[in-house]
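Text of entry30.txt (compact mmCIF, N, CA and C atoms) as supplied:
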# COMPACT_ATOMS: atom_id res chain seq x y z
N MET N 1 31.98 65.70 32.32
CA MET N 1 31.78 66.49 33.51
C MET N 1 30.40 67.13 33.45
N LYS N 2 29.70 67.09 34.54
CA LYS N 2 28.36 67.66 34.63
C LYS N 2 28.43 69.19 34.69
N ASP N 3 27.46 69.85 34.05
CA ASP N 3 27.39 71.31 34.10
C ASP N 3 27.04 71.77 35.50
N LEU N 4 27.61 72.88 35.89
CA LEU N 4 27.33 73.49 37.18
C LEU N 4 25.96 74.15 37.11
N SER N 5 25.03 73.74 37.96
CA SER N 5 23.68 74.29 37.89
C SER N 5 23.14 74.78 39.23
N ASN N 6 23.81 74.46 40.31
CA ASN N 6 23.36 74.89 41.63
C ASN N 6 23.72 76.36 41.82
N PRO N 7 22.70 77.22 42.07
CA PRO N 7 22.97 78.67 42.20
C PRO N 7 23.99 79.01 43.29
N LYS N 8 24.01 78.27 44.38
CA LYS N 8 24.98 78.55 45.45
C LYS N 8 26.40 78.30 44.99
N TRP N 9 26.62 77.21 44.24
CA TRP N 9 27.96 76.91 43.74
C TRP N 9 28.37 77.89 42.65
N ILE N 10 27.41 78.32 41.85
CA ILE N 10 27.71 79.31 40.81
C ILE N 10 28.15 80.63 41.45
N CYS N 11 27.45 81.04 42.50
CA CYS N 11 27.83 82.28 43.20
C CYS N 11 29.19 82.13 43.87
N LEU N 12 29.45 80.97 44.45
CA LEU N 12 30.76 80.73 45.06
C LEU N 12 31.87 80.81 44.02
N LYS N 13 31.62 80.22 42.86
CA LYS N 13 32.60 80.26 41.78
C LYS N 13 32.89 81.70 41.35
N GLY N 14 31.82 82.51 41.21
CA GLY N 14 32.00 83.92 40.86
C GLY N 14 32.79 84.67 41.91
N PHE N 15 32.47 84.42 43.19
CA PHE N 15 33.20 85.06 44.28
C PHE N 15 34.68 84.66 44.26
N LEU N 16 34.96 83.39 44.00
CA LEU N 16 36.35 82.93 43.96
C LEU N 16 37.12 83.58 42.80
N PHE N 17 36.45 83.76 41.66
CA PHE N 17 37.10 84.48 40.55
C PHE N 17 37.44 85.90 40.97
N LEU N 18 36.50 86.56 41.62
CA LEU N 18 36.73 87.92 42.11
C LEU N 18 37.88 87.95 43.10
N LEU N 19 37.92 87.00 44.00
CA LEU N 19 38.98 86.91 45.00
C LEU N 19 40.35 86.70 44.34
N ILE N 20 40.41 85.85 43.33
CA ILE N 20 41.66 85.64 42.59
C ILE N 20 42.15 86.96 41.99
N GLY N 21 41.23 87.69 41.37
CA GLY N 21 41.59 88.98 40.76
C GLY N 21 42.08 89.99 41.77
N ILE N 22 41.39 90.10 42.89
CA ILE N 22 41.77 91.07 43.93
C ILE N 22 43.13 90.72 44.52
N ILE N 23 43.32 89.46 44.85
CA ILE N 23 44.60 89.04 45.44
C ILE N 23 45.75 89.22 44.45
N SER N 24 45.51 88.87 43.18
CA SER N 24 46.56 89.02 42.16
C SER N 24 46.93 90.49 41.98
N ALA N 25 45.94 91.36 41.89
CA ALA N 25 46.22 92.80 41.74
C ALA N 25 46.95 93.33 42.97
N ALA N 26 46.54 92.89 44.15
CA ALA N 26 47.21 93.35 45.38
C ALA N 26 48.67 92.90 45.40
N LEU N 27 48.93 91.68 44.97
CA LEU N 27 50.32 91.19 44.95
C LEU N 27 51.17 91.94 43.94
N VAL N 28 50.60 92.27 42.78
CA VAL N 28 51.34 93.06 41.80
C VAL N 28 51.64 94.45 42.35
N LEU N 29 50.62 95.07 42.96
CA LEU N 29 50.83 96.41 43.53
C LEU N 29 51.79 96.37 44.72
N PHE N 30 51.84 95.26 45.42
CA PHE N 30 52.79 95.11 46.52
C PHE N 30 54.22 95.08 45.98
N GLU N 31 54.40 94.43 44.82
CA GLU N 31 55.72 94.35 44.20
C GLU N 31 56.16 95.69 43.61
N VAL N 32 55.23 96.40 42.94
CA VAL N 32 55.54 97.67 42.28
C VAL N 32 54.43 98.66 42.64
N PRO N 33 54.55 99.29 43.81
CA PRO N 33 53.47 100.16 44.29
C PRO N 33 53.50 101.57 43.68
N THR N 34 53.12 101.65 42.41
CA THR N 34 53.08 102.96 41.77
C THR N 34 51.68 103.21 41.20
N LEU N 35 51.36 104.48 41.04
CA LEU N 35 50.07 104.85 40.47
C LEU N 35 49.96 104.35 39.03
N ARG N 36 51.06 104.38 38.31
CA ARG N 36 51.07 103.91 36.92
C ARG N 36 50.70 102.44 36.84
N VAL N 37 51.27 101.61 37.68
CA VAL N 37 50.95 100.17 37.68
C VAL N 37 49.50 99.95 38.07
N ALA N 38 49.00 100.71 39.05
CA ALA N 38 47.60 100.59 39.46
C ALA N 38 46.67 100.96 38.30
N ALA N 39 47.00 102.02 37.58
CA ALA N 39 46.18 102.44 36.43
C ALA N 39 46.22 101.39 35.32
N LEU N 40 47.41 100.85 35.06
CA LEU N 40 47.53 99.82 34.02
C LEU N 40 46.76 98.56 34.40
N LEU N 41 46.78 98.17 35.67
CA LEU N 41 45.99 97.03 36.13
C LEU N 41 44.50 97.28 35.94
N GLY N 42 44.07 98.49 36.24
CA GLY N 42 42.67 98.84 36.05
C GLY N 42 42.26 98.79 34.59
N LEU N 43 43.10 99.36 33.73
CA LEU N 43 42.81 99.34 32.30
C LEU N 43 42.83 97.92 31.74
N MET N 44 43.77 97.11 32.20
CA MET N 44 43.84 95.73 31.75
C MET N 44 42.57 94.97 32.14
N THR N 45 42.13 95.15 33.37
CA THR N 45 40.92 94.48 33.84
C THR N 45 39.72 94.92 33.03
N TRP N 46 39.57 96.21 32.83
CA TRP N 46 38.46 96.75 32.05
C TRP N 46 38.49 96.21 30.62
N GLY N 47 39.67 96.21 30.01
CA GLY N 47 39.81 95.73 28.63
C GLY N 47 39.45 94.27 28.48
N PHE N 48 39.91 93.43 29.39
CA PHE N 48 39.59 92.01 29.32
C PHE N 48 38.11 91.76 29.58
N CYS N 49 37.51 92.52 30.48
CA CYS N 49 36.07 92.38 30.72
C CYS N 49 35.27 92.75 29.47
N ARG N 50 35.66 93.82 28.80
CA ARG N 50 34.96 94.21 27.57
C ARG N 50 35.18 93.19 26.46
N ALA N 51 36.37 92.61 26.36
CA ALA N 51 36.64 91.59 25.35
C ALA N 51 35.80 90.35 25.61
N TYR N 52 35.65 89.97 26.86
CA TYR N 52 34.84 88.81 27.23
C TYR N 52 33.38 89.07 26.89
N TYR N 53 32.90 90.26 27.21
CA TYR N 53 31.54 90.67 26.88
C TYR N 53 31.33 90.61 25.37
N PHE N 54 32.28 91.11 24.61
CA PHE N 54 32.20 91.08 23.16
C PHE N 54 32.15 89.65 22.64
N ALA N 55 33.03 88.79 23.17
CA ALA N 55 33.13 87.42 22.69
C ALA N 55 31.83 86.65 22.88
N PHE N 56 31.10 86.94 23.92
CA PHE N 56 29.89 86.16 24.18
C PHE N 56 28.61 86.92 23.87
N TYR N 57 28.41 88.06 24.44
CA TYR N 57 27.13 88.76 24.27
C TYR N 57 26.99 89.41 22.91
N VAL N 58 27.97 90.20 22.50
CA VAL N 58 27.86 90.96 21.26
C VAL N 58 27.80 90.02 20.05
N ILE N 59 28.69 89.04 19.99
CA ILE N 59 28.69 88.12 18.85
C ILE N 59 27.37 87.37 18.79
N GLU N 60 26.91 86.87 19.93
CA GLU N 60 25.68 86.08 19.95
C GLU N 60 24.44 86.91 19.64
N LYS N 61 24.37 88.15 20.13
CA LYS N 61 23.17 88.97 19.95
C LYS N 61 23.15 89.76 18.66
N TYR N 62 24.31 90.19 18.16
CA TYR N 62 24.33 91.11 17.03
C TYR N 62 25.00 90.58 15.78
N VAL N 63 25.88 89.58 15.90
CA VAL N 63 26.61 89.10 14.73
C VAL N 63 26.04 87.78 14.22
N ASP N 64 25.93 86.79 15.10
CA ASP N 64 25.44 85.48 14.70
C ASP N 64 24.60 84.89 15.83
N GLY N 65 23.31 85.15 15.79
CA GLY N 65 22.41 84.70 16.85
C GLY N 65 22.19 83.20 16.89
N SER N 66 22.62 82.48 15.86
CA SER N 66 22.40 81.03 15.82
C SER N 66 23.48 80.26 16.57
N PHE N 67 24.57 80.91 16.90
CA PHE N 67 25.68 80.19 17.53
C PHE N 67 25.73 80.48 19.02
N ARG N 68 25.86 79.43 19.83
CA ARG N 68 25.98 79.56 21.28
C ARG N 68 27.38 79.11 21.68
N PHE N 69 28.10 80.00 22.32
CA PHE N 69 29.48 79.71 22.72
C PHE N 69 29.49 79.03 24.08
N SER N 70 30.35 78.03 24.22
CA SER N 70 30.46 77.33 25.50
C SER N 70 31.72 77.71 26.26
N GLY N 71 32.53 78.56 25.70
CA GLY N 71 33.76 78.99 26.36
C GLY N 71 34.63 79.74 25.38
N LEU N 72 35.76 80.22 25.86
CA LEU N 72 36.65 81.00 24.99
C LEU N 72 37.21 80.15 23.85
N GLY N 73 37.46 78.86 24.11
CA GLY N 73 37.93 77.96 23.04
C GLY N 73 36.91 77.86 21.92
N SER N 74 35.66 77.76 22.29
CA SER N 74 34.56 77.71 21.32
C SER N 74 34.52 78.99 20.50
N PHE N 75 34.72 80.12 21.15
CA PHE N 75 34.73 81.41 20.45
C PHE N 75 35.90 81.48 19.46
N VAL N 76 37.08 81.04 19.87
CA VAL N 76 38.25 81.08 18.99
C VAL N 76 38.02 80.20 17.76
N ARG N 77 37.48 78.98 17.95
CA ARG N 77 37.18 78.10 16.82
C ARG N 77 36.18 78.76 15.86
N TYR N 78 35.15 79.37 16.44
CA TYR N 78 34.14 80.06 15.63
C TYR N 78 34.79 81.19 14.83
N TRP N 79 35.62 81.97 15.48
CA TRP N 79 36.23 83.13 14.84
C TRP N 79 37.11 82.71 13.66
N PHE N 80 37.94 81.66 13.84
CA PHE N 80 38.82 81.23 12.76
C PHE N 80 38.04 80.54 11.65
N LYS N 81 37.00 79.80 12.00
CA LYS N 81 36.17 79.14 10.99
C LYS N 81 35.44 80.18 10.15
N ARG N 82 34.99 81.24 10.81
CA ARG N 82 34.25 82.31 10.14
C ARG N 82 35.15 83.09 9.18
N ARG N 83 36.41 83.26 9.55
CA ARG N 83 37.34 84.03 8.72
C ARG N 83 37.78 83.29 7.46
N SER N 84 37.72 81.96 7.49
CA SER N 84 38.18 81.20 6.31
C SER N 84 37.07 80.83 5.36

Taking this structure as input, can you express it in the form of structure tokens?
Amino acid sequence: MKDLSNPKWICLKGFLFLLIGIISAALVLFEVPTLRVAALLGLMTWGFCRAYYFAFYVIEKYVDGSFRFSGLGSFVRYWFKRRS
């Protein structure tokens, strides 16, 4: 499969990811409309964003600058290989 390189398609892909997140959160809040669920959704989103940032930016810039990750699977392989 060819890498995505067209800026318009990359922006569309980012927008679609955002749309998936917004719709999913709205559907969860529609099912259980409480402040607690809204707060937990917010914390979950923030936590996963920070974990993603850690997996790619922090590891690459501060831990092992020689390794370039191509996705979460690549990060998991790197992490287990590094631990053994």

task: Enumerate as JSON, numbers by chain all residues of chain N assigned to alpha helix (DSSP H) by DSSP on the backbone, naming them with the chain letters and numbers the document uses.
output: {"N": [7, 8, 9, 10, 11, 12, 13, 14, 15, 16, 17, 18, 19, 20, 21, 22, 23, 24, 25, 26, 27, 28, 29, 30, 31, 35, 36, 37, 38, 39, 40, 41, 42, 43, 44, 45, 46, 47, 48, 49, 50, 51, 52, 53, 72, 73, 74, 75, 76, 77, 78, 79, 80, 81, 82, 83]}

message: To one decimal place in Å, what is the distance between atom N of N:Thr34 and atom CA of N:Ile22?
response: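 Interatomic distance, atom N of N:Thr34 to atom CA of N:Ile22: 15.6 Å.
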
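With only C-alpha atoms as the atoms that count, the minimum distance from N:Asp64 to the choices N:Arg77, N:Arg36, N:Arg82, N:Leu41 is reached by N:Arg82.
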
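One distance worth recording is that between atom CA of N:Val28 and atom CA of N:Gly47, which is 17.7 Å.
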
task: Kindly give the distance, in Å, that separates atom CA of N:Cys49 and atom N of N:Asp3, rounded to a single decimal.
output: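 Spanning atom CA of N:Cys49 to atom N of N:Asp3 is a straight-line distance of 24.3 Å.
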
Padded axis-aligned box of stretch 31-46 of chain N (4 Å per side), centre and edge lengths, Å, one decimal, as lines of an AutoDock Vina configuration file:
center_x = 47.3
center_y = 99.6
center_z = 37.7
size_x = 25.7
size_y = 18.5
size_z = 22.2
